[in-house]
Amino acid sequence: MEKMLFRLKTRSNVNELDYRTIHVMRENFEIPIEQTAIVDNSINTAKYNLITFVPRSLFEQFRRAANIYFLTISLLMVIGTYTTIFDSPLTPFSTLIPLVMVLLITMAKEGYEDIKRHRSDHMVNYKRKVSIVSTKTQGNFETVSWKNVRVGQILKVDNGEEVPADLVLLTSSEENGVAYIETSNIDGETNLKIRSSAPTKDSVPAGPMWKDENDLHQFPMSLEYEKPNPRIHFFTGTLKLGEGNNYRSVPIDQSNILLRGSTLKNTKWALGLVAYTGKETKIVKNARSAPSKRSNVDRVTNRIMGVIFAAMGITTTITLIGYAIFKALYQSDLYYICFDPNDSPDALLRESCIQETSGQDILLWFTFLILYNNFIPISLYVSLEMVNTIQAEFINQDIQMYDESQDTPALARTSNMNADLGQIEYVFSDKTGTLTQNVMKFKRCAVKNNIYGSIESSEKEKMTTQQLARVHDAPSLTELKGEINHLCSDISVYPRPAEIDFALCLALNHTVVYEKDHKTGKRTLQSESPDEEALVAGGSMLGIDFLDRNPGEVLIKIKGEEFRFQLLETIPFDSTRKRMSVLIRDPFGKVILYCKGADNIILDRSKSYCGTTAEELVKNLGVFAEDGLRTLLLARKVMSNDEYNEWNEKYKKASVSVENRAELRAEIVAKIECNLEVLGITAIEDKLQDDVPNTIADLGKAGVKLWVLTGDKEETAINIGYSCRLLEPHMTLIKLKEKNRDPQSVVNQLNGLIKHFSALAKDSSEFSAQWSDVQGRMNNVKEKRHFRGDKSSKVDVEEGLNQSGSLPEPLLDESIIERPANDSGEQATITADALALIVDGPCLVHILGQDSIQAKFLKIACMCRSVVACRVSPAQKRLIVRLVKKGVKPKPITLAIGDGANDVGMIQEAQVGVGISGKEGRQAVNNSDFAIAQFRFLRRLMLVHGHWDYRRLCKLILYSFYKNIALTFILFYYCFFTGFSGQSLYESLVYSGYNFFLALPILCVGLFDKDVDDRTAISIPRLYHLGQKNSDLNIHITCMWLIQAVLDSILIFFLPMAAYGGAESLFSSNGKQDGLYTFGTTVYTVLVVSMLFKVVTVSWTWNWIGCSSMAFSLLLYFGFIMAYSNFVSYAYDFYGVAFHFLANASFWLLVIQISLLVWAIDLLMQWLRSRYWTNISNHAVEFDKGYCGEAGLAILEAIKSCKTTDEVAAKMNHMKIGEVSPEEAIRVAKIESELQRVHISDDSIRRLNENLSPRTLKELGLEGGQPNIYRSSYAYDHVARNTGMDAEMGEEMLENEVEEVP
């Protein structure tokens, strides 16, 4: 496994960047050469051009092993046909033409897609226009194409236009030069963001010194800033106003930058100085195509091809050995056919015979290789692409995955990953917006020592008894609003009551703006996160309304009266600070700092609690946590004007520093955000999405392990885990934490946990005895299985399940974990449905990148039914996915699902990425393989489409190899009758058309075949195990298909051979003599018909398309051979052959009898497999067809009555205890699962934990039984992309500096 190392640069390293200086273009000013050499603003996203298309496209095509193989075969055919080195039994065109067709189709597809890229680039570079401030005439603009924009120019961007380059905002139409932008093209977020003009005005409030383009004309200025880099949320620069030594420096940071790709909104116009163009812009620097993903089916197919290549090499070598033996025995007797004319007694033969080949006999190996080249089906990849593409369209058109509320259907953005959806073992999910709706509502709050916010009776009706017992009744928010209105009679009194400042903090401490629709005049709130909007709405609920914001001030309304609060400074959220502050001067001249943030952050910086205590605050946090609410603490600090002025001078000085600006500002800010007074707690509700608990439960039954990776704190994640049934009350929680900032404490805890659970099996002999007993009962149940065609055989479906039981104590020890669980060498998977692991980000820092610690972590994590990772960064999410993907053996198929830009890393890292189109934009969707609107649709995507597509593709692949092996082995047998000369039994073009004649029926199987319908697939989640265990496509199954192909080929060849023994009497008539191709085409026809019958055998579903494809294939074949046998000039040896044998009744008798015999044997083998080698698929199909007992029929009727699969899932998840479930119709499913996986029972863990002291339990992080009371907190994952002071510094270092070292 690769070794992953975190190399985190220090902040000083980050700032060690090269800087460059540019000058604003103006008349009669000579621009430095260095500036004119900077790239233009054009972009190029195309992959090819006219010169490189053919070579690069061919290079891409021949990266596929199969294309290289067929090209090699074609070259060997050319050498064998046109030289005397060795002989080719087939003409080059029989392989070269199909290969060229495949290449041309694929290259045409590549070329068409690249033409669209060229057109898009041309549209952007030349068709889009922008206005630049004229350097010649004051107040005028020049219109240029985007390509001609250069660094140093001043651009004008109008409302609704996209920003063409990275600009430093100089001024805008809005007061104080602010601009509102939408960055959905960059980070997927659709909320408006505020950008400020460069603070060039030397007064308070800060703002631009220019009003419009007239003021900017010929104004001398230069910009010193960092050279192009991909850090999209960070910028450091200094704008120098003036020339020479007479200039004034103005600090520039990311809040003054308009990035290329963002769109100007709610602002009439904005003027900006071009800093980066074209390839140097930050969006282009960050542009990277989605990682190339290969499906697991492709990887397994390549391994199967290795087996096929080996079989092909062995067959070719055996034929060569046969030739050598034949030559040694009969060489001297075959001079009359010029085999070796030197042995001829006749001088005429010795002189007249022409030696066809001059090479050594060993080169005949290539002759036989050419003869057997169809071991590998040339049509396989084309068939796979066609099936994958159409299957993806089926997903797009699935009405049951259409979300009406968002008008959003499912979308398959990558077609080659469809089958992997049916093999997922691990799902990694974000929480906010994925499991929850990301629709925030201000639900409750606590001020002083009082909780406000009552729970409605309709909500109580939905609660369980346990939840009702924990409900904390409280006065409504309306009562708090009335109290605030009463206290607001005089808000100038100091100190103000905590209730008033609590509501003022909600109304003032945010970045929410109003967006006005210029057509309708309607105003709507726009915020950077749904939480912000909910907090502002909370202020309105308490009687203090946010009206609007102007440059340097915020307007609010209290009891119908407007107040203007001067906004002195905004210190925004970021993922490191976990808090936000604003400095306000109220209408009465008081300077107040309002702060909101995480409970631990605020409590550490507080000195008083406004009528309560820290202990009471913690208690109230626990009350809100029980309701699963997200919390923030609000605080204030009243400052004197002198104190503020002193701090402001230091802050300004730090802001203009080029070196270490972020560190200096953070240090200055920390000095003011201290000695706070806590005002109270906010509690926001983020409801679960529809049907999330049932979806998670069904995925668990399907054998899928769910890991939730979230930026929330531990308590919030745990409570959401209980709400969505990821965690259950009976579960034992393993809390893995770093203690006292000691990395070794993590290792010690992991070692202790491994030792603790290994104590479950002190005597492995009992385990072995019980294991044998389970296997014995499995065989016993299998013997009782009934034939699916016998409806009268109704067996008690509970019998097999009731025999399964649980393994007694002791269950396992570490040696059992490490040693093979069966003769095949696979290790047993140890799982415990009663275990869940909780781990946080700081702890993961010491785990990720350390091989030995990672192995221990995975050993514990894989034992657990669920894993919750909290306080994790986007980079850590990606690395966790990579750890499981590469560290778990055998290698699992992973799926990551999320809705935000911070989920992109893990979505791209997982084999299958699913994006949810939600409130956080489309960045996750744009980087995903599949897109859905709701988490609940994941159940249908995996259990229905994934299951179907996996089984369909497996049949397509196996059948493709099967039919070609049968074809080739017939040639192998024929070699024994031709003296191993390499003579082909089939005419060349007829031979090469084999894959085309049989292509359509198996394509229909790949598109429409269903072993069970969608409702049954949902009701029986265990059916999903087939894909997880590669039950339909593995080396063993492949070998079984190949063996059957060999057996079928024996019948297909030797039975006509036996009938052909009396050829003169059987086929010859009217003086016409049969030849090679009469017999060869007879065998070929039997083969084609038998292969069509094989399609009938493997298909579960028939419709008019499938039946039509069978008829079409027969008509295509017979039509081709009749037409082809008329071309005497091209097919001289085949001329008239078709009409000769088609007119003979003996031909039809052979074709019908032998093909039916082969089909009958195939059906017999399938019956034997279904009776004596059963698997879960056989039972599921029987259940779906109604071959089950009365209880099963009742359930089947209920399932079939449901209109959607969601209704099926709801019905099955709400069945009463003791009621029969459809899984009871699958009598051996549970026992089969036990044969693959060792389960640790709940009682085992409980009894084991009872032997430990409370101190040891705490050291190991074990908490069991019932869920405890947890504190909840605000989610900081949404601020991971904010652009504020010191925003994303630590996160970007983590993302950009993670390296993989072999």
# chains A, B, ... in the order shown; residues from 1 in each chain; ligands from 1
>>> closest_atom_pairs(of="range 660-705 of chain A", to="range 629-652 of chain A", cutoff="7 Å", atoms="only C-alpha atoms", output="JSON lines")
{"residue": "A:Arg665", "atom": "CA", "partner": "A:Tyr651", "partner_atom": "CA", "distance": 6.3}
{"residue": "A:Ile668", "atom": "CA", "partner": "A:Tyr651", "partner_atom": "CA", "distance": 6.2}
{"residue": "A:Leu676", "atom": "CA", "partner": "A:Lys637", "partner_atom": "CA", "distance": 5.3}
{"residue": "A:Glu677", "atom": "CA", "partner": "A:Ala635", "partner_atom": "CA", "distance": 5.3}
{"residue": "A:Val678", "atom": "CA", "partner": "A:Ala635", "partner_atom": "CA", "distance": 4.2}
{"residue": "A:Leu679", "atom": "CA", "partner": "A:Ala635", "partner_atom": "CA", "distance": 5.0}
{"residue": "A:Gly680", "atom": "CA", "partner": "A:Leu634", "partner_atom": "CA", "distance": 5.5}
{"residue": "A:Ile681", "atom": "CA", "partner": "A:Leu633", "partner_atom": "CA", "distance": 4.6}
{"residue": "A:Thr682", "atom": "CA", "partner": "A:Leu632", "partner_atom": "CA", "distance": 5.3}
{"residue": "A:Ala683", "atom": "CA", "partner": "A:Thr631", "partner_atom": "CA", "distance": 4.6}
{"residue": "A:Ile684", "atom": "CA", "partner": "A:Arg630", "partner_atom": "CA", "distance": 5.0}
{"residue": "A:Glu685", "atom": "CA", "partner": "A:Leu629", "partner_atom": "CA", "distance": 5.0}
{"residue": "A:Asp686", "atom": "CA", "partner": "A:Leu629", "partner_atom": "CA", "distance": 7.0}
>>> residues_around(residues="Leu535 in chain A", least_positions_apart="6", cutoff="9 Å", atoms="only C-alpha atoms", output="list in words")
Met440, Lys441, Phe442, Leu506, Ala507, His510, Thr682 and Ile684 of chain A
>>> closest_residue(among="A:Asp1184, A:Leu380, A:Tyr991, A:Gly979", to="Ile321 in chain A", atoms="only C-alpha atoms")
A:Gly979
>>> select_by_dssp(residues="range 526-726 of chain A", states="alpha helix (DSSP H)", output="ChimeraX atom specification")
/A:530-541,599-604,614-626,641-655,661-672,692-701,714-723
>>> write_last_selection(atoms="C-alpha atoms", output="compact mmCIF listing (two decimals), in the first residue's frame")
# COMPACT_ATOMS: atom_id res chain seq x y z
CA PRO A 530 -28.80 28.42 5.29
CA ASP A 531 -27.70 28.76 8.93
CA GLU A 532 -27.06 32.49 8.52
CA GLU A 533 -30.50 33.04 7.03
CA ALA A 534 -32.13 31.06 9.86
CA LEU A 535 -30.36 33.16 12.50
CA VAL A 536 -31.52 36.40 10.87
CA ALA A 537 -35.04 34.97 10.76
CA GLY A 538 -34.63 34.14 14.45
CA GLY A 539 -33.95 37.80 15.17
CA SER A 540 -37.17 38.73 13.38
CA MET A 541 -39.08 36.13 15.40
CA ASP A 599 -19.59 26.61 22.39
CA ASN A 600 -16.05 25.54 23.26
CA ILE A 601 -14.56 28.52 21.41
CA ILE A 602 -16.83 31.11 23.04
CA LEU A 603 -16.65 29.61 26.53
CA ASP A 604 -12.85 29.69 26.41
CA ALA A 614 -21.04 27.90 32.48
CA GLU A 615 -22.46 24.71 33.99
CA GLU A 616 -26.02 25.80 33.22
CA LEU A 617 -25.02 26.68 29.68
CA VAL A 618 -23.56 23.21 29.20
CA LYS A 619 -26.74 21.69 30.59
CA ASN A 620 -28.89 23.67 28.18
CA LEU A 621 -26.64 22.64 25.32
CA GLY A 622 -27.37 19.04 26.29
CA VAL A 623 -31.11 19.71 26.21
CA PHE A 624 -30.86 21.03 22.66
CA ALA A 625 -28.60 18.13 21.68
CA GLU A 626 -31.27 15.64 22.69
CA ASN A 641 -13.79 54.56 21.77
CA ASP A 642 -10.14 54.80 22.82
CA GLU A 643 -9.90 51.03 23.14
CA TYR A 644 -11.40 50.59 19.71
CA ASN A 645 -9.19 53.27 18.07
CA GLU A 646 -6.05 51.71 19.50
CA TRP A 647 -7.07 48.29 18.23
CA ASN A 648 -8.10 49.65 14.82
CA GLU A 649 -4.68 51.24 14.25
CA LYS A 650 -2.96 47.91 14.93
CA TYR A 651 -5.43 46.09 12.70
CA LYS A 652 -4.86 48.51 9.81
CA LYS A 653 -1.12 48.19 10.17
CA ALA A 654 -1.37 44.40 10.07
CA SER A 655 -3.66 44.61 7.05
CA ARG A 661 -0.43 39.40 6.87
CA ALA A 662 -2.85 36.64 7.88
CA GLU A 663 -0.90 35.73 11.02
CA LEU A 664 -0.65 39.34 12.13
CA ARG A 665 -4.35 39.98 11.62
CA ALA A 666 -5.30 36.79 13.46
CA GLU A 667 -3.11 37.84 16.37
CA ILE A 668 -4.67 41.30 16.54
CA VAL A 669 -8.21 39.90 16.28
CA ALA A 670 -7.57 37.43 19.12
CA LYS A 671 -6.78 40.36 21.42
CA ILE A 672 -10.25 41.84 20.99
CA VAL A 692 -33.39 8.48 5.36
CA PRO A 693 -33.74 6.03 8.31
CA ASN A 694 -35.39 3.35 6.17
CA THR A 695 -32.86 3.83 3.39
CA ILE A 696 -29.96 3.37 5.78
CA ALA A 697 -31.66 0.32 7.31
CA ASP A 698 -32.16 -1.30 3.89
CA LEU A 699 -28.57 -0.60 2.85
CA GLY A 700 -27.45 -2.22 6.10
CA LYS A 701 -29.50 -5.32 5.32
CA GLU A 714 -19.10 14.85 17.81
CA GLU A 715 -22.33 15.34 19.76
CA THR A 716 -24.25 16.70 16.77
CA ALA A 717 -23.13 13.85 14.55
CA ILE A 718 -24.03 11.24 17.15
CA ASN A 719 -27.51 12.61 17.67
CA ILE A 720 -28.18 12.74 13.94
CA GLY A 721 -26.84 9.17 13.83
CA TYR A 722 -29.51 8.08 16.28
CA SER A 723 -32.20 9.97 14.39
>>> residues_around(residues="range 836-853 of chain A", least_positions_apart="5", cutoff="7 Å", atoms="only C-alpha atoms", output="compact mmCIF listing (two decimals) with C-alpha atoms, in the first residue's frame")
# COMPACT_ATOMS: atom_id res chain seq x y z
CA LYS A 3 2.46 5.44 2.14
CA MET A 4 0.62 8.73 2.59
CA LEU A 5 2.37 11.51 4.36
CA PHE A 6 0.97 14.85 5.46
CA MET A 731 -25.10 -0.28 20.33
CA THR A 732 -21.77 0.07 22.07
CA LEU A 733 -20.02 3.24 20.92
CA ILE A 734 -16.24 3.25 20.55
CA LYS A 735 -15.06 6.85 20.87
CA LEU A 736 -11.57 7.15 19.50
CA LYS A 737 -9.98 10.37 20.75
CA GLU A 738 -6.66 12.05 21.21
CA PRO A 743 -0.43 11.11 19.51
CA VAL A 746 -4.42 7.12 20.00
CA VAL A 747 -2.11 4.17 19.43
CA ALA A 861 -13.45 0.16 12.05
CA CYS A 864 -18.21 -1.98 13.40
CA ARG A 865 -21.54 -1.71 11.70
CA SER A 866 -21.25 2.08 11.44
CA VAL A 867 -18.49 4.68 11.61
CA VAL A 868 -19.00 8.38 12.30
CA ALA A 869 -16.06 10.70 11.64
CA CYS A 870 -16.69 14.22 12.95
CA ARG A 871 -14.82 17.51 12.74
CA VAL A 872 -13.11 16.23 9.60
>>> residues_around(residues="Ser489 in chain A", least_positions_apart="6", cutoff="12 Å", atoms="only C-alpha atoms", output="list of chain:residue names")
A:Gly482, A:Glu483, A:Arg496, A:Pro497, A:Ile500, A:Ile558, A:Lys559, A:Gly560, A:Glu561
>>> residues_around(residues="Gln566 in chain A", least_positions_apart="4", cutoff="8 Å", atoms="only C-alpha atoms", output="list of chain:residue names")
A:Gly552, A:Glu553, A:Val554, A:Ile584, A:Arg585, A:Asp586, A:Pro587
>>> write_last_selection(atoms="N, CA, C and O atoms", output="PDB file, in the first residue's frame")
ATOM      1  N   GLY A 552     -20.972  50.328   5.269  1.00  0.00           N
ATOM      2  CA  GLY A 552     -20.586  50.804   6.576  1.00  0.00           C
ATOM      3  C   GLY A 552     -21.705  50.896   7.580  1.00  0.00           C
ATOM      4  O   GLY A 552     -21.492  51.421   8.683  1.00  0.00           O
ATOM      5  N   GLU A 553     -22.910  50.393   7.258  1.00  0.00           N
ATOM      6  CA  GLU A 553     -23.990  50.454   8.228  1.00  0.00           C
ATOM      7  C   GLU A 553     -25.007  49.344   7.987  1.00  0.00           C
ATOM      8  O   GLU A 553     -25.124  48.816   6.875  1.00  0.00           O
ATOM      9  N   VAL A 554     -25.739  49.020   9.064  1.00  0.00           N
ATOM     10  CA  VAL A 554     -26.790  48.009   9.005  1.00  0.00           C
ATOM     11  C   VAL A 554     -28.062  48.645   9.538  1.00  0.00           C
ATOM     12  O   VAL A 554     -28.045  49.306  10.593  1.00  0.00           O
ATOM     13  N   ILE A 584     -19.586  47.101  16.072  1.00  0.00           N
ATOM     14  CA  ILE A 584     -20.718  47.981  15.778  1.00  0.00           C
ATOM     15  C   ILE A 584     -20.617  49.234  16.641  1.00  0.00           C
ATOM     16  O   ILE A 584     -20.268  49.176  17.828  1.00  0.00           O
ATOM     17  N   ARG A 585     -20.919  50.387  16.051  1.00  0.00           N
ATOM     18  CA  ARG A 585     -21.162  51.598  16.839  1.00  0.00           C
ATOM     19  C   ARG A 585     -22.664  51.872  16.760  1.00  0.00           C
ATOM     20  O   ARG A 585     -23.196  52.147  15.688  1.00  0.00           O
ATOM     21  N   ASP A 586     -23.320  51.731  17.895  1.00  0.00           N
ATOM     22  CA  ASP A 586     -24.783  51.846  17.887  1.00  0.00           C
ATOM     23  C   ASP A 586     -25.202  53.312  17.765  1.00  0.00           C
ATOM     24  O   ASP A 586     -24.360  54.230  17.826  1.00  0.00           O
ATOM     25  N   PRO A 587     -26.479  53.567  17.581  1.00  0.00           N
ATOM     26  CA  PRO A 587     -26.934  54.962  17.400  1.00  0.00           C
ATOM     27  C   PRO A 587     -26.642  55.870  18.581  1.00  0.00           C
ATOM     28  O   PRO A 587     -26.762  57.102  18.455  1.00  0.00           O
TER      29      PRO A 587
END
>>> residues_around(residues="Thr524 in chain A", least_positions_apart="3", cutoff="7 Å", atoms="only C-alpha atoms", output="ChimeraX atom specification")
/A:514-516
>>> closest_residue(among="A:Val944, A:Leu411, A:Ala446, A:Ile932", to="Gln423 in chain A", atoms="only C-alpha atoms")
A:Val944
